[in-house]
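Data block for input.txt (compact mmCIF, C-alpha atoms and all ligand atoms):
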# COMPACT_ATOMS: atom_id res chain seq x y z
CA MET A 1 160.32 284.34 257.72
CA ILE A 2 159.09 281.41 255.72
CA LEU A 3 162.54 279.89 255.88
CA SER A 4 162.71 280.25 259.66
CA ASN A 5 159.25 278.78 259.96
CA ILE A 6 160.32 275.85 257.91
CA LEU A 7 163.42 275.51 260.08
CA ALA A 8 161.34 275.73 263.23
CA LEU A 9 158.91 273.22 261.84
CA SER A 10 161.65 270.82 260.86
CA LEU A 11 163.15 271.17 264.33
CA ILE A 12 159.80 270.27 265.80
CA VAL A 13 159.58 267.32 263.45
CA VAL A 14 163.05 266.19 264.53
CA CYS A 15 162.11 266.53 268.20
CA VAL A 16 158.88 264.61 267.69
CA ALA A 17 160.76 261.93 265.78
CA LEU A 18 163.34 261.66 268.56
CA GLU A 19 160.66 261.58 271.17
CA SER A 20 158.60 258.92 269.45
CA GLY A 21 161.81 256.91 268.90
CA THR A 22 162.51 257.09 272.60
CA LEU A 23 158.95 256.18 273.40
CA ALA A 24 159.02 253.25 270.99
CA ARG A 25 162.18 251.96 272.66
CA PHE A 26 160.73 252.57 276.08
CA SER A 27 157.51 250.74 275.31
CA SER A 28 159.31 247.81 273.72
CA THR A 29 161.42 247.32 276.82
CA SER A 30 158.35 247.68 278.99
CA LEU A 31 156.67 244.78 277.20
CA ASN A 32 156.79 241.71 279.35
CA ARG A 33 158.87 238.77 278.13
CA LEU A 34 156.02 236.88 276.54
CA GLU A 35 154.84 239.98 274.69
CA ARG A 36 158.39 240.47 273.45
CA ILE A 37 158.53 236.88 272.21
CA LYS A 38 155.19 237.41 270.50
CA SER A 39 156.53 240.49 268.69
CA MET A 40 159.75 238.78 267.51
CA TYR A 41 160.26 237.80 263.89
CA ALA A 42 163.10 237.20 261.38
CA TRP A 43 166.54 235.95 262.30
CA GLU A 44 167.05 236.18 266.07
CA GLY A 45 170.34 234.49 266.88
CA PHE A 46 172.12 231.23 267.59
CA VAL A 47 172.21 227.95 269.37
CA TYR A 48 175.32 227.85 271.58
CA ASP A 49 176.88 224.58 272.70
CA ILE A 50 178.14 224.73 276.30
CA GLU A 51 179.59 221.23 276.53
CA ASP A 52 183.18 222.45 276.58
CA CYS A 53 182.56 224.66 279.64
CA ARG A 54 183.98 227.98 278.46
CA THR A 55 184.76 230.72 280.93
CA THR A 56 182.49 233.70 281.47
CA ALA A 57 184.94 235.88 279.53
CA GLU A 58 185.07 233.46 276.60
CA MET A 59 181.31 233.22 276.46
CA ALA A 60 180.97 237.01 276.73
CA GLN A 61 183.32 237.31 273.78
CA ASP A 62 181.26 234.89 271.68
CA PHE A 63 177.98 236.53 272.69
CA GLY A 64 179.44 239.98 271.98
CA GLU A 65 180.50 238.87 268.50
CA MET A 66 177.05 237.42 267.83
CA LYS A 67 175.49 240.68 268.93
CA GLU A 68 177.78 242.74 266.71
CA ARG A 69 176.64 240.60 263.79
CA GLY A 70 172.98 241.30 264.60
CA ALA A 71 171.96 238.47 266.93
CA ARG A 72 169.50 239.32 269.68
CA VAL A 73 168.98 235.99 271.39
CA VAL A 74 171.08 232.94 272.21
CA ILE A 75 169.88 229.55 273.44
CA THR A 76 172.19 227.07 275.11
CA PHE A 77 172.65 223.49 273.92
CA GLU A 78 173.96 220.44 275.79
CA PHE A 79 175.49 220.82 279.25
CA CYS A 80 178.79 221.44 281.01
CA GLY A 81 180.12 218.75 283.40
CA THR A 82 177.10 216.99 284.87
CA GLY A 83 174.97 220.04 284.05
CA ALA A 84 173.86 220.21 287.66
CA ASP A 85 176.05 223.14 288.72
CA ALA A 86 173.98 226.32 289.02
CA SER A 87 177.14 228.43 289.09
CA PHE A 88 177.96 227.49 285.48
CA TYR A 89 174.54 228.76 284.39
CA ASP A 90 175.25 231.88 286.50
CA ASP A 91 178.29 232.38 284.25
CA VAL A 92 176.27 231.86 281.06
CA ILE A 93 173.60 234.31 282.16
CA SER A 94 176.05 236.95 283.35
CA ALA A 95 178.08 236.63 280.11
CA ALA A 96 174.87 237.32 278.16
CA GLY A 97 173.94 240.16 280.50
CA SER A 98 177.37 241.74 280.15
CA VAL A 99 176.95 242.20 276.39
CA GLY A 100 173.20 242.81 276.43
CA ILE A 101 171.98 239.78 274.51
CA ASP A 102 168.90 237.83 275.59
CA ILE A 103 169.62 234.34 276.84
CA ILE A 104 167.42 231.25 276.86
CA PRO A 105 169.10 228.76 279.19
CA LEU A 106 168.16 225.22 278.24
CA ALA A 107 168.00 222.57 280.94
CA CYS A 108 169.19 219.51 279.07
CA THR A 109 166.92 216.62 280.06
CA LEU A 110 168.57 213.85 278.06
CA PRO A 111 170.39 211.97 280.84
CA ILE A 112 173.49 211.48 278.68
CA HIS A 113 175.28 213.60 276.10
CA ALA A 114 173.60 213.42 272.71
CA VAL A 115 176.70 212.05 271.00
CA GLY A 116 179.38 209.60 272.10
CA GLN A 117 177.78 208.20 275.26
CA SER A 118 175.67 205.22 276.13
CA TYR A 119 173.32 204.78 279.07
CA GLY A 120 174.60 203.46 282.40
CA PRO A 121 172.47 202.48 285.38
CA ASN A 122 172.58 206.00 286.87
CA ASP A 123 171.61 207.72 283.65
CA THR A 124 168.00 208.30 284.53
CA PHE A 125 165.83 211.37 284.38
CA LEU A 126 165.62 211.60 288.18
CA ILE A 127 169.33 211.21 288.79
CA LYS A 128 170.75 213.19 285.85
CA SER A 129 168.09 215.48 284.41
CA VAL A 130 166.15 216.81 287.38
CA PRO A 131 169.28 218.30 289.03
CA ARG A 132 169.92 220.19 285.78
CA ILE A 133 166.39 221.59 285.78
CA GLU A 134 166.97 222.69 289.38
CA ALA A 135 170.36 224.24 288.56
CA VAL A 136 168.96 226.26 285.66
CA THR A 137 166.00 227.39 287.76
CA GLN A 138 168.31 228.50 290.57
CA ALA A 139 170.60 230.43 288.22
CA VAL A 140 167.64 232.20 286.62
CA ILE A 141 166.35 233.18 290.06
CA ASN A 142 169.84 234.49 290.91
CA ASN A 143 169.98 236.75 287.84
CA PRO A 144 166.72 236.92 285.90
CA ASP A 145 167.21 240.12 283.89
CA PRO A 146 169.15 238.74 280.88
CA VAL A 147 166.83 235.74 280.65
CA LEU A 148 164.15 235.81 277.97
CA ALA A 149 162.70 232.36 278.63
CA ILE A 150 163.69 228.91 279.87
CA ALA A 151 163.77 225.74 277.78
CA ILE A 152 163.04 222.60 279.78
CA GLY A 153 164.58 219.99 277.58
CA ASP A 154 165.93 219.73 274.07
CA GLU A 155 163.56 217.34 272.30
CA PRO A 156 162.33 215.89 275.61
CA LEU A 157 159.17 214.52 273.95
CA TYR A 158 161.02 213.09 270.95
CA ASP A 159 163.48 211.34 273.29
CA ASP A 160 160.82 210.63 275.93
CA ASP A 161 163.21 211.92 278.60
CA ALA A 162 160.74 212.12 281.49
CA GLY A 163 158.87 208.87 280.85
CA SER A 164 155.61 210.57 279.88
CA PRO A 165 154.33 213.96 278.77
CA ALA A 166 152.52 214.25 282.11
CA ALA A 167 155.76 213.72 284.05
CA LEU A 168 157.51 216.34 281.94
CA ALA A 169 154.64 218.75 282.50
CA SER A 170 154.89 218.30 286.26
CA TYR A 171 158.50 219.56 286.16
CA ILE A 172 157.50 222.54 284.04
CA ALA A 173 154.88 223.31 286.69
CA GLU A 174 157.48 222.97 289.45
CA VAL A 175 159.82 225.43 287.75
CA ARG A 176 156.90 227.82 287.35
CA ARG A 177 156.04 227.54 291.05
CA ASN A 178 159.61 228.19 292.14
CA LEU A 179 159.96 231.19 289.83
CA SER A 180 156.67 232.52 291.08
CA THR A 181 157.77 232.12 294.71
CA ALA A 182 160.79 234.24 293.74
CA GLY A 183 158.44 236.85 292.27
CA LEU A 184 159.29 235.98 288.66
CA ASP A 185 157.14 235.38 285.63
CA ILE A 186 159.42 233.90 282.95
CA PRO A 187 158.04 232.12 279.89
CA LEU A 188 158.63 228.38 279.89
CA SER A 189 158.69 225.92 277.05
CA ILE A 190 160.40 222.85 275.65
CA SER A 191 162.49 222.96 272.48
CA ASP A 192 161.16 220.11 270.38
CA LEU A 193 160.42 218.79 266.91
CA ALA A 194 156.94 218.64 265.44
CA TYR A 195 157.56 214.89 265.26
CA GLY A 196 158.38 214.85 268.99
CA TRP A 197 154.95 216.27 269.80
CA GLN A 198 153.21 214.17 267.13
CA SER A 199 154.71 210.88 268.33
CA SER A 200 154.21 211.26 272.08
CA GLY A 201 150.63 210.18 272.70
CA ASN A 202 148.69 212.43 275.04
CA ILE A 203 150.63 215.67 274.81
CA THR A 204 147.88 217.78 276.38
CA PRO A 205 149.63 218.19 279.77
CA VAL A 206 152.75 219.62 278.09
CA ALA A 207 150.78 221.69 275.58
CA ASP A 208 148.88 223.19 278.53
CA ALA A 209 152.03 223.72 280.61
CA VAL A 210 154.06 225.78 278.13
CA ASP A 211 153.67 229.52 277.61
CA PHE A 212 154.79 229.40 274.00
CA PHE A 213 156.28 226.97 271.51
CA MET A 214 160.00 226.60 270.93
CA VAL A 215 160.40 224.75 267.68
CA ASN A 216 163.20 222.53 266.44
CA ASN A 217 162.70 222.53 262.68
CA PHE A 218 165.19 220.61 260.54
CA PRO A 219 164.26 219.94 256.91
CA TYR A 220 167.73 218.35 256.67
CA PHE A 221 166.27 215.23 258.32
CA ALA A 222 163.30 215.00 255.93
CA PHE A 223 163.05 211.93 253.71
CA ASP A 224 162.82 214.10 250.59
CA ALA A 225 165.68 216.46 251.49
CA THR A 226 168.14 217.49 248.77
CA THR A 227 170.02 220.79 249.04
CA GLY A 228 169.40 223.28 251.84
CA GLY A 229 168.35 226.01 249.44
CA ASN A 230 165.84 223.85 247.54
CA ALA A 231 162.57 225.70 248.01
CA SER A 232 160.42 222.79 246.88
CA THR A 233 161.78 220.49 249.59
CA SER A 234 163.39 222.49 252.42
CA TRP A 235 160.84 225.27 252.55
CA ASN A 236 157.83 222.96 252.17
CA ASP A 237 159.10 220.77 254.99
CA PHE A 238 159.81 223.81 257.14
CA ILE A 239 156.36 225.33 256.78
CA GLN A 240 154.60 222.00 257.22
CA ASP A 241 156.07 221.76 260.71
CA ILE A 242 155.12 225.34 261.51
CA ASP A 243 151.56 224.60 260.36
CA TYR A 244 151.45 221.79 262.89
CA PHE A 245 152.67 224.06 265.70
CA GLU A 246 150.10 226.70 264.73
CA SER A 247 147.46 224.00 265.10
CA ILE A 248 148.41 223.27 268.73
CA ALA A 249 149.52 226.75 269.80
CA ASN A 250 146.06 228.30 270.07
CA GLY A 251 147.46 231.73 269.34
CA ARG A 252 150.43 231.42 271.69
CA PRO A 253 153.76 232.64 270.25
CA ILE A 254 156.06 230.41 268.24
CA LEU A 255 159.84 230.80 268.14
CA VAL A 256 162.03 228.54 266.01
CA THR A 257 164.76 228.01 268.59
CA GLN A 258 166.69 225.54 266.45
CA THR A 259 166.97 225.32 262.72
CA GLY A 260 169.94 224.91 260.40
CA TRP A 261 171.64 222.77 257.82
CA PRO A 262 175.02 221.12 258.39
CA THR A 263 178.06 221.27 256.15
CA ASN A 264 178.81 217.60 256.82
CA GLU A 265 176.80 214.53 257.87
CA ASP A 266 179.13 213.52 260.69
CA GLU A 267 177.23 214.33 263.89
CA PHE A 268 173.63 213.65 262.88
CA ALA A 269 172.96 211.41 259.90
CA PRO A 270 170.30 212.41 257.35
CA ASN A 271 167.36 210.29 256.19
CA SER A 272 167.34 211.22 252.51
CA PRO A 273 169.58 209.48 249.94
CA ASP A 274 169.70 212.76 247.97
CA ILE A 275 171.00 214.88 250.82
CA VAL A 276 173.66 217.51 250.19
CA ALA A 277 175.59 218.59 253.28
CA SER A 278 178.08 221.23 252.20
CA VAL A 279 178.88 224.88 252.73
CA PRO A 280 176.80 226.02 249.71
CA SER A 281 173.89 223.84 250.88
CA SER A 282 174.05 225.27 254.41
CA GLU A 283 174.34 228.79 253.05
CA GLY A 284 171.43 228.09 250.73
CA PHE A 285 169.20 227.12 253.65
CA TRP A 286 170.25 230.20 255.67
CA ASN A 287 169.42 232.45 252.69
CA LEU A 288 166.16 230.62 252.04
CA LEU A 289 165.04 231.43 255.59
CA ASP A 290 166.16 235.06 255.24
CA SER A 291 164.32 235.37 251.91
CA HIS A 292 161.02 234.58 253.62
CA CYS A 293 161.33 237.43 256.10
CA GLU A 294 158.39 239.46 254.78
CA ASP A 295 155.97 236.83 253.56
CA PHE A 296 156.38 234.32 256.34
CA PHE A 297 158.32 235.26 259.46
CA LYS A 298 157.02 238.80 259.72
CA SER A 299 153.49 237.97 258.75
CA LEU A 300 153.31 235.19 261.38
CA ASN A 301 155.54 236.87 263.98
CA ILE A 302 157.98 233.99 264.11
CA GLY A 303 161.69 234.34 264.78
CA TRP A 304 164.35 231.79 263.86
CA MET A 305 167.61 230.84 265.54
CA TRP A 306 170.39 228.96 263.79
CA ARG A 307 171.99 225.77 265.04
CA SER A 308 174.81 226.40 265.58
CA TRP A 309 177.29 229.18 266.27
CA GLU A 310 180.41 227.09 265.78
CA ASP A 311 181.28 223.58 264.70
CA ASP A 312 181.34 222.24 268.26
CA ILE A 313 178.12 220.69 266.97
CA ASP A 314 180.10 219.08 264.17
CA GLY A 315 179.19 220.59 260.82
CA TRP A 316 176.33 222.75 262.09
CA GLY A 317 178.10 226.06 262.80
CA VAL A 318 178.21 229.21 260.74
CA LYS A 319 181.83 229.17 261.84
CA TYR A 320 184.53 226.56 261.93
CA LEU A 321 186.03 225.81 265.32
CA ASN A 322 188.91 228.18 264.54
CA GLY A 323 186.38 231.02 264.39
CA THR A 324 186.47 231.53 260.60
CA ASP A 325 183.10 232.15 258.94
CA LYS A 326 182.11 229.32 256.59
CA TRP A 327 180.54 231.84 254.26
CA HIS A 328 179.81 235.52 254.46
CA TRP A 329 176.60 235.10 256.46
CA ASN A 330 174.24 237.84 257.38
CA ALA A 331 170.48 237.97 257.70
CA ARG A 332 167.91 240.67 258.14
CA THR A 333 166.60 241.34 261.61
CA GLU A 334 163.70 243.36 260.25
CA CYS A 335 161.90 243.67 256.99
C1 LIG B 401 175.73 205.07 290.43
O1 LIG B 401 175.60 205.89 291.57
C2 LIG B 401 175.97 205.24 292.78
C3 LIG B 401 175.58 206.17 293.93
O2 LIG B 401 176.15 207.44 293.78
C4 LIG B 401 177.46 204.94 292.73
O3 LIG B 401 177.85 204.28 293.92
C5 LIG B 401 177.72 204.07 291.53
O4 LIG B 401 179.12 203.85 291.41
C6 LIG B 401 177.18 204.68 290.26
N1 LIG B 401 177.31 203.73 289.17
C7 LIG B 401 177.91 204.05 288.04
C8 LIG B 401 177.97 202.97 287.00
O5 LIG B 401 178.38 205.15 287.81
C1 LIG B 402 161.75 224.09 293.79
O1 LIG B 402 161.92 224.49 295.11
C2 LIG B 402 161.92 223.40 296.05
C3 LIG B 402 161.94 223.99 297.45
O2 LIG B 402 163.06 224.82 297.59
C4 LIG B 402 163.14 222.54 295.77
O3 LIG B 402 163.17 221.43 296.65
C5 LIG B 402 163.04 222.03 294.34
O4 LIG B 402 164.22 221.29 294.03
C6 LIG B 402 162.91 223.18 293.37
N1 LIG B 402 162.66 222.65 292.03
C7 LIG B 402 163.17 223.21 290.94
C8 LIG B 402 162.84 222.56 289.63
O5 LIG B 402 163.85 224.22 290.96
C1 LIG B 403 164.89 220.12 244.49
O1 LIG B 403 163.93 219.17 244.88
C2 LIG B 403 163.19 218.63 243.80
C3 LIG B 403 162.12 217.73 244.40
O2 LIG B 403 162.70 216.67 245.08
C4 LIG B 403 164.13 217.90 242.85
O3 LIG B 403 163.40 217.42 241.73
C5 LIG B 403 165.23 218.85 242.38
O4 LIG B 403 166.18 218.14 241.62
C6 LIG B 403 165.92 219.49 243.57
N1 LIG B 403 166.89 220.49 243.16
C7 LIG B 403 168.15 220.48 243.56
C8 LIG B 403 169.00 221.61 243.07
O5 LIG B 403 168.59 219.64 244.33
C1 LIG B 404 189.75 227.40 259.74
O1 LIG B 404 189.33 226.10 259.48
C2 LIG B 404 188.84 225.87 258.17
C3 LIG B 404 188.30 224.44 258.07
O2 LIG B 404 189.18 223.54 258.57
C4 LIG B 404 189.94 226.14 257.14
O3 LIG B 404 189.44 225.96 255.84
C5 LIG B 404 190.41 227.58 257.34
O4 LIG B 404 191.48 227.84 256.46
C6 LIG B 404 190.85 227.83 258.77
N1 LIG B 404 191.13 229.25 258.93
C7 LIG B 404 192.19 229.66 259.59
C8 LIG B 404 192.36 231.16 259.68
O5 LIG B 404 192.98 228.92 260.11

Rewrite the structure from the file as structure tokens, please.
Ligand SMILES: *[C@@H]1O[C@H](CO)[C@@H](O)[C@H](O)[C@H]1NC(C)=O
Ligand SMILES: *[C@@H]1O[C@H](CO)[C@@H](O)[C@H](O)[C@H]1NC(C)=O
Ligand SMILES: *[C@@H]1O[C@H](CO)[C@@H](O)[C@H](O)[C@H]1NC(C)=O
Ligand SMILES: *[C@@H]1O[C@H](CO)[C@@H](O)[C@H](O)[C@H]1NC(C)=O
Amino acid sequence: MILSNILALSLIVVCVALESGTLARFSSTSLNRLERIKSMYAWEGFVYDIEDCRTTAEMAQDFGEMKERGARVVITFEFCGTGADASFYDDVISAAGSVGIDIIPLACTLPIHAVGQSYGPNDTFLIKSVPRIEAVTQAVINNPDPVLAIAIGDEPLYDDDAGSPAALASYIAEVRRNLSTAGLDIPLSISDLAYGWQSSGNITPVADAVDFFMVNNFPYFAFDATTGGNASTSWNDFIQDIDYFESIANGRPILVTQTGWPTNEDEFAPNSPDIVASVPSSEGFWNLLDSHCEDFFKSLNIGWMWRSWEDDIDGWGVKYLNGTDKWHWNARTEC
């Protein structure tokens, strides 16, 4: 009698647990995108370079592998071809959708590639960058479901891509209008450095135009940088930048869309004479971030994404170009 009561009770407990699990999942998917971004913390995923124009199947394979390893979000980097072809972003978005990972397409607003190109007369924001903003917007309208948010520019303030913060803000507003006409409400931001915001004069139009703050945070470039895992330099530099973003965010969510530490200095040179760019240094920075899951990322509801997936951004991947892991990386997605 008592035993069967206990059994019955434990069955009820199991059912309630299942039910509340289902409800929790239901309510988390019923959060709108901005609420989901606000609730995100810990390691979220990767920066993914699209410059070599992989096929939908190749991208789906990469995204699937990221997801198997715990990633939940991927943000694109650079651009394929001229970057103005909406159908390539259709491929990126459908590859993400096919494996069930959230995608943040980034409209690259630097008129040229970040590395290995110099400016020609046609390399202007209007000629090169605006068509990319339009292409990304169109692709998102074509297939919005896998899209978590849109990044309008990678360091567009730091590089002064649009000529002024007000000009950049006007394009953010245009994207918002076009999404709204299509019945969509998708969070918009720019992915930029604290220094980009700090050095750009009157940033109010951009600060007002974004829904949340996508942060590029690279202690590797700091003047006092040593090893990635050095808490007294890397972590201090990291949190100083977040403090700045907190000061301009007015309670809006923050997501570190790009952070990382390279294993060589080849693509982007450091500023510190004491820099160490190596596999242990990169691994040290990854583990430093993971170690602050409870006390920092969870307590502030901030997620972080690693630049980069592979070494197509030379030195910055968790994997070499041949797909081999540089170290046995893993990070907590909750804590
Ligand atoms: C710039 O664009 C014009 C018009 O499309 C073209 O005729 C010209 O060759 C381009 N110049 C360069 C340097 O690519
Ligand atoms: C917004 O829509 C207008 C009208 O279709 C179009 O001309 C413009 O290029 C679009 N802008 C963006 C950024 O998608
Ligand atoms: C960590 O940074 C401090 C402050 O610059 C420095 O004194 C120390 O040597 C560094 N440690 C390592 C392992 O690089
Ligand atoms: C992949 O590339 C790295 C770096 O060049 C090398 O150390 C490693 O042995 C390679 N792995 C395979 C399976 O080829």

Counting all atoms listed in the file, what are the residues, protein, DNA or RNA alike, that approach ligand LIG 403 (chain B) to within 9 Å? I want them as a compact mmCIF listing (two decimals) with C-alpha atoms, in the frame of the given file.
# COMPACT_ATOMS: atom_id res chain seq x y z
CA ASP A 224 162.82 214.10 250.59
CA ALA A 225 165.68 216.46 251.49
CA THR A 226 168.14 217.49 248.77
CA THR A 227 170.02 220.79 249.04
CA GLY A 228 169.40 223.28 251.84
CA GLY A 229 168.35 226.01 249.44
CA ASN A 230 165.84 223.85 247.54
CA ALA A 231 162.57 225.70 248.01
CA SER A 232 160.42 222.79 246.88
CA THR A 233 161.78 220.49 249.59
CA SER A 234 163.39 222.49 252.42
CA ASP A 274 169.70 212.76 247.97
CA ILE A 275 171.00 214.88 250.82
CA VAL A 276 173.66 217.51 250.19

Given the point (184.5, 226.9, 265.1) in the file's coordinates, find the residues that have an atom at most 12 Å from it, counting all atoms listed in the file, and give them as a ChimeraX atom specification. /A:48-49,62,308-326

Counting all atoms listed in the file, the residue of A:Val210, A:Ala107, A:Val215, A:Arg36 that sits nearest Arg176 (chain A):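 Distance minimum relative to Arg176 (chain A) lands on A:Val210.
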
So that each row is one residue of region 137-162 of chain A with an atom at most 9 Å from region 79-97 of chain A, can you give its shortest atom pair and the distance in Å to one decimal, using only C-alpha atoms, rows by chain and rising number, as a Markdown table?
| residue | atom | partner | partner_atom | distance |
| --- | --- | --- | --- | --- |
| A:Thr137 | CA | A:Ala86 | CA | 8.1 |
| A:Gln138 | CA | A:Ala86 | CA | 6.3 |
| A:Ala139 | CA | A:Asp90 | CA | 5.2 |
| A:Val140 | CA | A:Asp90 | CA | 7.6 |
| A:Asn142 | CA | A:Asp90 | CA | 7.5 |
| A:Asn143 | CA | A:Ile93 | CA | 7.2 |
| A:Pro144 | CA | A:Ile93 | CA | 8.3 |
| A:Asp145 | CA | A:Gly97 | CA | 7.5 |
| A:Pro146 | CA | A:Gly97 | CA | 5.0 |
| A:Val147 | CA | A:Ile93 | CA | 7.1 |

Can you tell me which residues surround Ala331 (chain A) at a distance of at most 10 Å, considering only C-alpha atoms, apart from same-chain residues fewer than 5 positions away, and format the answer as a ChimeraX atom specification? /A:42-45,69-71,286-287,289-291,293

Top pick for closest residue to ligand LIG 401 (chain B), considering A:Ala209, A:Met305, A:Ile127, A:Ala166 and counting all atoms listed in the file: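 So, comparing all the options, the nearest one is A:Ile127.
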
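Here atom C1 of ligand LIG 404 (chain B) is placed at a distance of 16.7 Å from CA of Ser282 (chain A).
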
Padding of 4 Å on every side, edges along x, y and z, all listed atoms of region 83-95 of chain A included: what centre and edge lengths in Å, to one decimal, does that box have, as lines of an AutoDock Vina configuration file?
center_x = 175.9
center_y = 228.5
center_z = 284.6
size_x = 12.7
size_y = 24.9
size_z = 17.0

In the coordinate frame of the file, compute which residues have an atom within 10 Å of (170.9, 218.1, 283.0) when using all atoms listed in the file, and state them as a compact mmCIF listing (two decimals) with C-alpha atoms, in the coordinates of the input.
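New file part39.txt:
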# COMPACT_ATOMS: atom_id res chain seq x y z
CA GLU A 78 173.96 220.44 275.79
CA PHE A 79 175.49 220.82 279.25
CA CYS A 80 178.79 221.44 281.01
CA GLY A 81 180.12 218.75 283.40
CA THR A 82 177.10 216.99 284.87
CA GLY A 83 174.97 220.04 284.05
CA ALA A 84 173.86 220.21 287.66
CA ASP A 85 176.05 223.14 288.72
CA LEU A 106 168.16 225.22 278.24
CA ALA A 107 168.00 222.57 280.94
CA CYS A 108 169.19 219.51 279.07
CA THR A 109 166.92 216.62 280.06
CA LEU A 110 168.57 213.85 278.06
CA PRO A 111 170.39 211.97 280.84
CA ILE A 112 173.49 211.48 278.68
CA HIS A 113 175.28 213.60 276.10
CA PHE A 125 165.83 211.37 284.38
CA LEU A 126 165.62 211.60 288.18
CA ILE A 127 169.33 211.21 288.79
CA LYS A 128 170.75 213.19 285.85
CA SER A 129 168.09 215.48 284.41
CA VAL A 130 166.15 216.81 287.38
CA PRO A 131 169.28 218.30 289.03
CA ARG A 132 169.92 220.19 285.78
CA ILE A 133 166.39 221.59 285.78
CA GLU A 134 166.97 222.69 289.38
CA ALA A 135 170.36 224.24 288.56
CA VAL A 136 168.96 226.26 285.66
CA ILE A 152 163.04 222.60 279.78
CA GLY A 153 164.58 219.99 277.58

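Relative to CA of Ile186 (chain A), atom C4 of ligand LIG 402 (chain B) is found at 17.5 Å.
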